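Chemist: One file is attached below, entry.cif, containing mmCIF, C-alpha atoms.
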```
data_run
#
loop_
_atom_site.label_atom_id
_atom_site.label_comp_id
_atom_site.auth_asym_id
_atom_site.auth_seq_id
_atom_site.Cartn_x
_atom_site.Cartn_y
_atom_site.Cartn_z
CA MET A 232 -73.59 85.48 179.67
CA THR A 233 -72.94 89.11 178.75
CA ASP A 234 -69.55 90.77 179.15
CA TYR A 235 -71.08 93.08 181.76
CA PHE A 236 -72.32 90.15 183.85
CA ALA A 237 -68.99 88.35 183.45
CA ASP A 238 -67.12 91.39 184.81
CA ILE A 239 -69.43 91.55 187.83
CA LEU A 240 -68.92 87.83 188.46
CA LYS A 241 -65.13 88.20 188.33
CA ASP A 242 -65.29 91.02 190.91
CA LEU A 243 -67.40 88.86 193.20
CA LEU A 244 -64.87 86.00 193.03
CA ILE A 245 -62.16 88.11 194.67
CA GLY A 246 -61.71 87.04 198.27
CA LEU A 247 -63.83 83.89 198.11
CA PRO A 248 -62.44 80.51 199.26
CA PRO A 249 -60.77 78.52 196.43
CA ALA A 250 -63.36 75.73 196.61
CA VAL A 251 -66.20 78.22 196.14
CA VAL A 252 -64.36 79.90 193.25
CA LEU A 253 -63.85 76.51 191.57
CA LEU A 254 -67.54 75.68 191.93
CA ILE A 255 -68.62 79.00 190.41
CA VAL A 256 -66.18 78.65 187.51
CA LEU A 257 -67.45 75.12 186.91
CA LEU A 258 -71.05 76.38 186.76
CA PHE A 259 -70.51 79.45 184.59
CA PHE A 260 -67.32 78.65 182.63
CA PRO A 261 -67.23 74.86 182.04
CA GLU A 262 -65.07 75.41 178.97
CA LYS A 263 -62.28 76.75 181.19
CA ILE A 264 -62.39 73.57 183.27
CA GLU A 265 -62.03 71.55 180.04
CA LYS A 266 -58.92 73.54 179.09
CA TRP A 267 -57.37 73.12 182.54
CA SER A 268 -58.10 69.40 182.42
CA ALA A 269 -56.35 69.17 179.05
CA LEU A 270 -53.18 70.70 180.54
CA LEU A 271 -53.32 68.30 183.47
CA TRP A 272 -53.71 65.19 181.29
CA LYS A 273 -51.04 66.43 178.89
CA GLY A 274 -48.61 66.62 181.80
CA ILE A 275 -49.54 63.13 182.96
CA SER A 276 -49.14 61.69 179.45
CA SER A 277 -45.53 62.90 179.37
CA LEU A 278 -44.64 60.55 182.25
CA GLY A 279 -44.34 57.51 180.04
CA GLY A 280 -45.99 54.40 178.64
CA LEU A 281 -48.05 53.65 181.73
CA PHE A 282 -50.06 56.80 181.05
CA ARG A 283 -50.85 56.35 177.33
CA SER A 284 -54.58 56.77 177.90
CA ALA A 285 -53.85 60.23 179.30
CA ARG A 286 -52.99 61.41 175.76
CA LYS A 287 -56.52 60.66 174.59
CA ARG A 288 -57.97 62.49 177.57
CA ALA A 289 -55.71 65.49 176.96
CA ILE A 290 -56.77 65.72 173.29
CA LYS A 291 -60.43 65.27 174.16
CA HIS A 292 -60.54 67.98 176.84
CA ASP A 293 -58.41 70.38 174.79
CA LEU A 294 -60.67 70.01 171.78
CA GLN A 295 -63.95 70.20 173.69
CA GLY A 296 -62.75 73.12 175.81
CA ARG A 297 -61.43 75.24 172.93
CA VAL A 298 -64.33 74.67 170.54
CA ASN A 299 -67.02 75.11 173.20
CA ASP A 300 -65.29 78.28 174.45
CA TYR A 301 -65.24 79.72 170.92
CA VAL A 302 -68.91 78.85 170.51
CA ARG A 303 -69.78 80.53 173.81
CA ARG A 304 -68.18 83.78 172.62
CA LEU A 305 -69.83 83.51 169.21
CA ARG A 306 -73.29 83.19 170.72
CA LYS A 307 -72.92 86.72 172.11
CA ARG A 308 -72.74 88.03 168.54
CA VAL A 309 -75.22 85.64 166.93
CA PRO A 310 -77.66 84.06 169.41
CA GLY A 311 -79.03 80.80 168.11
CA SER A 312 -75.85 79.83 166.29
CA PHE A 313 -74.16 76.62 167.41
CA GLU A 314 -76.78 75.45 169.89
CA ASP A 315 -75.14 72.03 170.29
CA LYS A 316 -72.07 71.30 172.39
CA LEU A 317 -69.21 69.17 171.17
CA GLU A 318 -68.30 65.77 172.55
CA LEU A 319 -65.59 63.44 171.31
CA GLU A 320 -65.49 59.67 170.80
CA TRP A 321 -62.52 57.62 169.62
CA VAL A 322 -62.70 55.06 166.80
CA ASP A 323 -60.15 52.75 165.23
CA ALA A 324 -58.10 53.52 162.12
CA ASN A 325 -60.53 51.67 159.83
CA THR A 326 -63.56 53.75 160.83
CA GLN A 327 -64.41 56.91 158.94
CA ARG A 328 -64.40 60.23 160.77
CA SER A 329 -67.94 61.47 161.29
CA ALA A 330 -70.24 63.79 163.22
CA LEU A 331 -73.76 63.12 164.45
CA LEU A 332 -76.37 65.05 166.42
CA ALA A 333 -77.67 63.50 169.63
CA ASP A 334 -79.68 65.18 172.40
CA GLY A 335 -78.25 68.67 172.01
CA ARG A 336 -74.72 67.39 171.43
CA VAL A 337 -72.52 66.96 168.40
CA VAL A 338 -70.69 63.68 168.83
CA LEU A 339 -67.48 63.60 166.77
CA ARG A 340 -65.84 60.28 165.99
CA LEU A 341 -62.10 60.62 165.39
CA ARG A 342 -59.24 58.19 164.96
CA ALA A 343 -57.24 57.79 168.14
CA HIS A 344 -53.89 57.28 166.42
CA ASP A 345 -54.01 60.37 164.16
CA PRO A 346 -51.63 63.21 165.13
CA ASN A 347 -53.06 65.60 167.72
CA ASP A 348 -53.13 68.62 165.42
CA HIS A 349 -54.83 66.65 162.67
CA ASN A 350 -57.57 65.57 165.05
CA PHE A 351 -58.10 69.15 166.15
CA VAL A 352 -58.49 70.35 162.55
CA HIS A 353 -60.82 67.53 161.48
CA ALA A 354 -62.94 67.91 164.62
CA SER A 355 -63.30 71.68 164.22
CA TYR A 356 -64.36 71.39 160.59
CA LEU A 357 -66.76 68.51 161.26
CA TYR A 358 -68.35 70.43 164.11
CA VAL A 359 -68.81 73.63 162.09
CA SER A 360 -70.17 71.80 159.06
CA LYS A 361 -72.67 69.96 161.24
CA CYS A 362 -73.89 72.88 163.37
CA LEU A 363 -73.46 76.15 161.51
CA LEU A 364 -76.76 77.45 160.08
CA THR A 365 -78.28 73.98 160.02
CA LYS A 366 -81.75 75.16 158.94
CA THR A 367 -80.52 77.61 156.32
CA LYS A 368 -78.00 75.31 154.65
CA ARG A 369 -80.71 73.02 153.34
CA TYR A 370 -81.64 75.82 150.91
CA LEU A 371 -78.10 76.83 149.89
CA SER A 372 -75.89 75.58 147.08
CA VAL A 373 -72.92 73.28 147.72
CA PRO A 374 -70.32 76.05 147.05
CA GLN A 375 -72.14 78.34 149.49
CA ARG A 376 -72.18 75.70 152.21
CA ASP A 377 -68.52 74.85 151.62
CA ALA A 378 -67.47 78.51 151.72
CA LEU A 379 -69.32 79.16 154.99
CA ASP A 380 -67.89 76.03 156.65
CA ILE A 381 -64.32 76.72 155.54
CA PHE A 382 -64.39 80.39 156.50
CA VAL A 383 -65.91 79.88 159.96
CA SER A 384 -63.61 76.90 160.65
CA SER A 385 -60.60 79.03 159.77
CA LYS A 386 -61.81 81.73 162.18
CA LEU A 387 -62.17 79.16 164.96
CA LEU A 388 -58.70 77.71 164.36
CA LYS A 389 -56.97 81.10 164.13
CA GLU A 390 -58.45 82.16 167.47
CA GLU A 391 -58.11 78.89 169.36
CA LYS A 392 -55.08 77.10 167.88
CA PRO A 393 -53.15 79.05 165.22
CA SER A 394 -50.45 76.37 165.03
CA VAL A 395 -52.77 74.01 163.11
CA VAL A 396 -53.89 76.50 160.44
CA GLY A 397 -51.28 75.23 157.95
CA TYR A 398 -52.68 71.70 158.05
CA PHE A 399 -56.21 73.07 157.69
CA LEU A 400 -55.18 74.97 154.56
CA ASP A 401 -53.70 71.82 153.02
CA GLU A 402 -56.63 69.55 153.92
CA TYR A 403 -59.66 71.78 153.36
CA LEU A 404 -59.13 75.27 151.98
CA HIS A 405 -56.66 74.63 149.13
CA PRO A 406 -58.53 71.64 147.65
CA LYS A 407 -61.76 73.68 147.58
CA THR A 408 -60.19 76.88 146.19
CA ARG A 409 -57.46 75.59 143.90
CA ASP A 410 -59.38 77.11 141.00
CA THR A 411 -59.30 80.83 141.85
CA LYS A 412 -62.42 81.35 139.74
CA SER A 413 -64.43 78.84 141.77
CA LYS A 414 -67.48 80.14 143.57
CA VAL A 415 -66.04 78.91 146.88
CA ALA A 416 -62.88 80.98 146.42
CA VAL A 417 -64.82 84.11 145.45
CA LEU A 418 -67.19 83.77 148.42
CA ILE A 419 -64.36 83.23 150.91
CA ASP A 420 -62.65 86.36 149.58
CA ASP A 421 -65.89 88.32 150.00
CA PHE A 422 -66.41 86.90 153.51
CA GLY A 423 -62.92 88.10 154.43
CA ILE A 424 -63.69 91.67 153.35
CA ILE A 425 -67.02 91.64 155.18
CA ASP A 426 -65.37 90.21 158.29
CA GLN A 427 -62.63 92.86 158.33
CA ALA A 428 -65.38 95.47 158.62
CA GLY A 429 -66.94 93.57 161.53
CA PHE A 430 -70.07 92.60 159.61
CA PHE A 431 -69.63 88.87 158.96
CA PHE A 432 -71.13 87.45 162.15
CA PRO A 433 -73.35 90.33 163.37
CA LEU A 434 -74.98 90.97 159.98
CA LEU A 435 -74.38 88.25 157.39
CA VAL A 436 -74.57 85.19 159.63
CA GLN A 437 -77.38 86.79 161.65
CA GLU A 438 -79.48 87.33 158.52
CA LEU A 439 -78.83 83.76 157.37
CA GLU A 440 -79.88 82.56 160.83
CA TYR A 441 -83.15 84.50 160.51
CA LEU A 442 -83.61 83.12 157.00
CA GLY A 443 -83.42 79.57 158.32
CA ASP A 444 -86.08 80.30 160.94
CA LYS A 445 -88.67 81.14 158.28
CA VAL A 446 -91.13 78.66 156.83
CA PHE A 447 -91.56 79.17 153.10
CA GLY A 448 -94.74 78.86 151.11
CA ARG A 449 -94.15 77.84 147.49
CA ARG A 450 -90.45 77.83 148.34
CA ARG A 451 -87.94 78.31 145.53
CA ASP A 452 -84.56 76.94 146.59
CA ASP A 453 -82.82 78.55 143.62
CA LEU A 454 -84.07 81.97 144.73
CA ILE A 455 -82.90 81.43 148.30
CA ALA A 456 -79.40 80.48 147.13
CA LYS A 457 -79.33 83.47 144.81
CA GLU A 458 -80.32 85.71 147.70
CA LEU A 459 -77.16 84.80 149.61
CA TYR A 460 -75.06 86.02 146.68
CA ASP A 461 -77.16 89.21 146.63
CA VAL A 462 -76.68 89.81 150.38
CA VAL A 463 -72.93 89.30 150.02
CA GLY A 464 -72.95 91.67 147.05
CA PHE A 465 -74.70 94.26 149.21
CA LEU A 466 -72.43 93.87 152.27
CA ARG A 467 -69.10 93.92 150.41
CA PRO A 468 -69.29 97.58 149.27
CA LEU A 469 -70.84 98.51 152.63
CA SER A 470 -67.78 96.98 154.31
CA GLN A 471 -65.46 99.10 152.12
CA ARG A 472 -67.50 102.26 152.56
CA THR A 473 -65.68 105.52 153.34
CA VAL A 474 -67.09 107.74 156.11
CA GLY A 475 -69.30 110.36 154.48
CA ASP A 476 -70.08 108.33 151.36
CA GLU A 477 -73.68 108.19 150.25
CA GLY A 478 -75.27 104.98 149.08
CA ASP A 479 -78.09 102.53 149.54
CA LEU A 480 -78.11 100.97 153.01
CA ASN A 481 -81.26 98.90 152.59
CA PHE A 482 -81.48 95.35 151.30
CA ASP A 483 -84.89 94.46 149.91
CA GLY A 484 -84.73 90.83 148.86
CA SER A 485 -87.30 88.17 148.19
CA TYR A 486 -86.85 86.52 151.58
CA THR A 487 -84.51 88.89 153.41
CA ARG A 488 -85.28 92.54 154.14
CA PHE A 489 -83.02 94.57 156.39
CA GLY A 490 -81.64 98.06 156.75
CA VAL A 491 -78.40 99.45 158.17
CA VAL A 492 -78.54 102.81 159.94
CA LEU A 493 -75.13 104.42 160.53
CA VAL A 494 -75.49 106.74 163.50
CA GLY A 495 -72.33 108.75 163.15
CA LYS A 496 -72.75 112.46 162.50
CA PRO A 497 -72.06 114.36 165.77
CA ARG A 498 -73.82 117.54 164.65
CA LYS A 499 -76.99 115.65 163.82
CA LEU A 500 -76.96 113.84 167.18
CA LEU A 501 -76.33 117.01 169.18
CA THR A 502 -79.11 118.89 167.43
CA SER A 503 -81.84 116.25 167.27
CA LEU A 504 -82.49 112.57 166.76
CA GLN A 505 -85.42 113.41 164.50
CA PRO A 506 -83.60 112.88 161.18
CA TYR A 507 -82.81 109.29 162.19
CA LEU A 508 -86.32 108.71 163.53
CA ASN A 509 -87.86 110.08 160.32
CA TYR A 510 -85.60 107.94 158.15
CA ILE A 511 -86.42 104.72 160.02
CA LYS A 512 -90.13 105.51 160.10
CA ARG A 513 -90.50 106.49 156.44
CA THR A 514 -87.89 104.34 154.72
CA LEU A 515 -87.71 101.17 156.83
CA ALA A 516 -90.61 100.65 159.23
CA SER A 517 -93.29 101.77 156.78
CA LYS A 518 -92.07 99.16 154.27
CA GLY A 519 -92.08 96.31 156.77
CA VAL A 520 -88.31 95.83 156.90
CA ASP A 521 -87.68 92.78 159.10
CA THR A 522 -84.40 93.77 160.74
CA ILE A 523 -82.77 97.13 161.43
CA TYR A 524 -79.11 97.35 162.40
CA LEU A 525 -78.20 100.55 164.27
CA ILE A 526 -74.44 101.14 164.29
CA GLY A 527 -72.52 104.03 165.82
CA ARG A 528 -69.64 104.97 168.07
CA LYS A 529 -69.69 103.57 171.57
CA GLU A 530 -69.93 107.07 173.05
CA ASN A 531 -73.28 107.48 171.25
CA ARG A 532 -74.72 104.44 173.00
CA ASP A 533 -77.42 106.35 174.90
CA LYS A 534 -78.59 108.09 171.72
CA ILE A 535 -78.78 104.79 169.83
CA ASP A 536 -80.74 103.18 172.69
CA GLN A 537 -83.13 106.11 172.59
CA ILE A 538 -83.71 105.63 168.86
CA CYS A 539 -84.42 101.95 169.50
CA PHE A 540 -86.87 102.84 172.30
CA GLU A 541 -88.88 105.11 169.98
CA PHE A 542 -89.86 102.10 167.84
CA GLY A 543 -90.78 99.77 170.70
CA THR A 544 -94.31 99.20 169.41
CA GLN A 545 -93.05 97.86 166.07
CA TYR A 546 -89.63 96.39 166.80
CA VAL A 547 -87.91 94.42 169.56
CA CYS A 548 -84.30 95.29 170.37
CA VAL A 549 -83.08 91.71 170.45
CA ARG A 550 -79.38 92.31 171.03
CA SER A 551 -76.68 94.93 171.56
CA VAL A 552 -72.97 94.35 170.98
CA ILE A 553 -69.85 96.47 171.47
CA MET A 554 -67.20 95.66 168.89
CA ARG A 555 -64.05 97.18 167.43
CA ARG A 556 -64.17 97.83 163.70
CA PRO A 557 -62.32 100.03 161.18
CA LEU A 558 -63.74 103.36 160.08
CA ARG A 559 -62.45 104.29 156.64
CA TYR A 560 -61.70 107.94 155.95
CA ARG A 561 -60.34 109.24 152.67
CA ASP A 562 -56.81 109.62 154.05
CA HIS A 563 -56.65 107.08 156.90
CA ILE A 564 -58.33 104.19 158.71
CA GLU A 565 -59.35 104.52 162.36
CA HIS A 566 -60.18 101.51 164.53
CA ALA A 567 -62.94 102.51 166.93
CA LEU A 568 -65.27 100.86 169.40
CA GLN A 569 -68.72 100.63 167.83
CA TYR A 570 -72.11 99.97 169.38
CA LEU A 571 -74.47 97.73 167.39
CA VAL A 572 -78.16 97.22 168.16
CA VAL A 573 -80.28 94.67 166.32
CA MET A 574 -83.97 95.61 166.01
CA ARG A 575 -86.28 92.82 164.89
CA ARG A 576 -89.81 93.48 163.63
CA LYS A 577 -92.54 92.12 165.88
CA ALA A 578 -94.69 89.30 164.50
CA GLY A 579 -97.33 90.42 162.05
CA ASP A 580 -99.27 88.46 159.46
CA LEU A 581 -97.92 84.94 159.12
CA VAL A 582 -98.12 85.08 155.34
CA THR A 583 -96.62 88.14 153.65
CA PRO A 584 -96.91 88.38 149.85
CA SER A 585 -93.62 89.13 148.15
CA GLU A 586 -93.46 92.52 146.44
CA LYS A 587 -91.91 90.72 143.49
CA GLY A 588 -95.03 88.63 143.13
CA THR A 589 -93.25 85.31 142.57
CA HIS A 590 -93.90 83.64 145.90
CA LYS A 591 -95.00 84.17 149.49
CA ASN A 592 -92.98 84.46 152.68
CA VAL A 593 -94.20 82.91 155.89
CA HIS A 594 -92.61 84.63 158.88
CA CYS A 595 -92.19 82.75 162.15
CA ALA A 596 -90.85 85.57 164.30
#
```
How does this structure look as structure tokens?
Modeler:
Amino acid sequence: MTDYFADILKDLLIGLPPAVVLLIVLLFFPEKIEKWSALLWKGISSLGGLFRSARKRAIKHDLQGRVNDYVRRLRKRVPGSFEDKLELEWVDANTQRSALLADGRVVLRLRAHDPNDHNFVHASYLYVSKCLLTKTKRYLSVPQRDALDIFVSSKLLKEEKPSVVGYFLDEYLHPKTRDTKSKVAVLIDDFGIIDQAGFFFPLLVQELEYLGDKVFGRRRDDLIAKELYDVVGFLRPLSQRTVGDEGDLNFDGSYTRFGVVLVGKPRKLLTSLQPYLNYIKRTLASKGVDTIYLIGRKENRDKIDQICFEFGTQYVCVRSVIMRRPLRYRDHIEHALQYLVVMRRKAGDLVTPSEKGTHKNVHCA
């Protein structure tokens, strides 16, 4: 559900009978019902020993509601991520914590007698590690998978339950990054810089999602893992870029090809869109770049949509997102609302020879 549709729905709810409002919320916002149920069961559990089972219900609904709500918001930025909903099962103290996929659900098995906060941390990490970029991870190295799981889990916990972050650091992050020279530690640091610029989910995770959707001929797993390091190496300086700086905004990898177009010069927009159209046509579209990210101020939304429309025969505008991100000037940083459009190349030949001549890419667009 888009933010625009959600706002319309909220306006429509005003004045409706409570029963109708509850039904609509249940249909469109089931995660909210889970959170309300958690509060109800938590209150019941405080009444004493006769209501011990209420504690389990409170933990279950709180966990399912918070994680599923986070996932719902994340899907707006990266469609296709976290397709499976979380469900919780309790096991005894002698059974190992685990996660398994079953019919579009991730079933987490946790120990009933563990502290509440510990269960929340373990469940969040198990869910992320099981669902995040499932197709892509099979081609990545262990440090890369660990870094992605830890970073995304930390984002989930900070947004949904900041009080448990300390336990997460002790149980997961510190053991994996104790050696500051470890690849996991370096990647997490890079992810943090990319995320501060607003590019972690909309660009990095999106490109990894696309990577996992491809079928590779004569696949080289070592090259795919190397490509993640190369993409991170490309996005880090882009994330620290100062307004007005010149530099390469195109990534031309073995499996991943994308370009970033910063639509930000008012004089150019007022005069003509032609410089942007020429750049995309000659530098990106003519070379078969798979994905084009158009980014500019929110007030330039109509201009950016017009640029996207001009390439409708070659690209599909798969998503648009409004986000707040920092703009770095030489003497200050300004946080501004930005408009991002993702343009994805329409399906062409299924087999595309790599320009590097080492292998072939098979695109399933």
Chemist: So which one's closest to Gln427 (chain A), A:Gln471, A:Asn531, A:Thr408, A:Asn350? Using all atoms listed in the file, please.
Modeler: A:Gln471
Chemist: Evaluate the PyMOL selection byres ((chain A and resi 316-320) around 9) here and jot the selected residues down as JSON, numbers by chain.
Modeler: {"A": [291, 292, 294, 295, 296, 298, 299, 302, 313, 314, 315, 321, 322, 335, 336, 337, 338, 339, 340, 341, 342, 343, 354, 358]}
Chemist: Under the PyMOL selection byres ((chain A and resi 548-564) around 9), which residues of this model are included? Write them out as a compact mmCIF listing (two decimals) with C-alpha atoms, keeping the file's coordinate frame.
Modeler:
```
# COMPACT_ATOMS: atom_id res chain seq x y z
CA LYS A 307 -72.92 86.72 172.11
CA ARG A 308 -72.74 88.03 168.54
CA VAL A 309 -75.22 85.64 166.93
CA PRO A 310 -77.66 84.06 169.41
CA GLN A 427 -62.63 92.86 158.33
CA ALA A 428 -65.38 95.47 158.62
CA GLY A 429 -66.94 93.57 161.53
CA PHE A 430 -70.07 92.60 159.61
CA PRO A 433 -73.35 90.33 163.37
CA GLN A 471 -65.46 99.10 152.12
CA ARG A 472 -67.50 102.26 152.56
CA THR A 473 -65.68 105.52 153.34
CA VAL A 474 -67.09 107.74 156.11
CA GLY A 475 -69.30 110.36 154.48
CA LYS A 529 -69.69 103.57 171.57
CA ASP A 536 -80.74 103.18 172.69
CA CYS A 539 -84.42 101.95 169.50
CA PHE A 540 -86.87 102.84 172.30
CA GLY A 543 -90.78 99.77 170.70
CA TYR A 546 -89.63 96.39 166.80
CA VAL A 547 -87.91 94.42 169.56
CA GLU A 565 -59.35 104.52 162.36
CA HIS A 566 -60.18 101.51 164.53
CA ALA A 567 -62.94 102.51 166.93
CA LEU A 568 -65.27 100.86 169.40
CA GLN A 569 -68.72 100.63 167.83
CA TYR A 570 -72.11 99.97 169.38
CA LEU A 571 -74.47 97.73 167.39
CA VAL A 572 -78.16 97.22 168.16
CA VAL A 573 -80.28 94.67 166.32
CA MET A 574 -83.97 95.61 166.01
CA ARG A 575 -86.28 92.82 164.89
CA ARG A 576 -89.81 93.48 163.63
```
Chemist: So which one's closest to Phe432 (chain A), A:Leu363, A:Ile538, A:Leu525, A:Leu515? Using only C-alpha atoms, please.
Modeler: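 Smallest separation from Phe432 (chain A) among the options: A:Leu363.
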Chemist: Give the answer as one residue: which of A:Thr544, A:Gln437, A:Asn481, A:Asn509 has the shortest atom-to-atom distance to Leu305 (chain A), using only C-alpha atoms?
Modeler: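 Among A:Thr544, A:Gln437, A:Asn481, A:Asn509, it is A:Gln437 that comes nearest to Leu305 (chain A).
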Chemist: Would you pick out the contacts of His344 (chain A) at 9 Å or less, using all atoms listed in the file, so that residues sharing its chain but fewer than 3 positions from it are not included, and give the list as a PDB file with C-alpha atoms, in the coordinates of the input?
Modeler:
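And here's part.pdb as it stands now:
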```pdb
ATOM      1  CA  ASP A 323     -60.150  52.750 165.230  1.00  0.00           C
ATOM      2  CA  ALA A 324     -58.100  53.520 162.120  1.00  0.00           C
ATOM      3  CA  LEU A 341     -62.100  60.620 165.390  1.00  0.00           C
ATOM      4  CA  ASN A 347     -53.060  65.600 167.720  1.00  0.00           C
TER       5      ASN A 347
END
```
Chemist: Find the residue from A:Thr502, A:Tyr301, A:Asp293, A:Asp521 that sits nearest to Lys534 (chain A); use all atoms listed in the file when measuring.
Modeler: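 Counting all atoms listed in the file, the residue closest to Lys534 (chain A) is A:Thr502.
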Chemist: Skip Pro374 (chain A) itself and residues of its chain fewer than 4 positions away, then list as a PyMOL selection string all residues within 7 Å of it, counting all atoms listed in the file.
Modeler: chain A and resi 378+414-415
Chemist: Which of these, A:Val417, A:Leu508, A:Leu493, A:Ile381, has the shortest distance to Leu404 (chain A) once you count all atoms listed in the file?
Modeler: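 Among A:Val417, A:Leu508, A:Leu493, A:Ile381, it is A:Ile381 that comes nearest to Leu404 (chain A).
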Chemist: Can you work out which one of A:Leu454, A:Arg467, A:Leu387, A:Leu435 has the shortest atom-to-atom distance to Asp421 (chain A), counting all atoms listed in the file?
Modeler: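 Comparing A:Leu454, A:Arg467, A:Leu387, A:Leu435 against Asp421 (chain A), the winner is A:Arg467.
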Chemist: Return the padded bounding box of region 365-377 of chain A as AutoDock Vina command-line options: axis-aligned, built from all atoms listed in the file, 3 Å added on each side, with centre and edge lengths in Å to one decimal.
Modeler:
```
--center_x -75.1 --center_y 75.7 --center_z 153.5 --size_x 19.2 --size_y 11.3 --size_z 19.0
```
Chemist: Take CA of Gly490 (chain A) and CA of Pro468 (chain A) and report the distance between them in Å, one decimal.
Modeler: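 These atoms are spaced 14.4 Å apart.
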Chemist: Between CA of Leu418 (chain A) and CA of Phe399 (chain A), measure the distance and give it in Å to one decimal.
Modeler: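 Rounded to one decimal, the two atoms are 17.9 Å apart.
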Chemist: CA of Val352 (chain A) and CA of His405 (chain A) are how many Å apart?
Modeler: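 Separating CA of Val352 (chain A) from CA of His405 (chain A) is a distance of 14.2 Å.
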Chemist: Quick one: everything within 8 Å of Asp380 (chain A), counting all atoms listed in the file, minus sequence neighbours fewer than 6 positions away in the same chain. Send it as a PyMOL selection string.
Modeler: chain A and resi 356+359-360+363
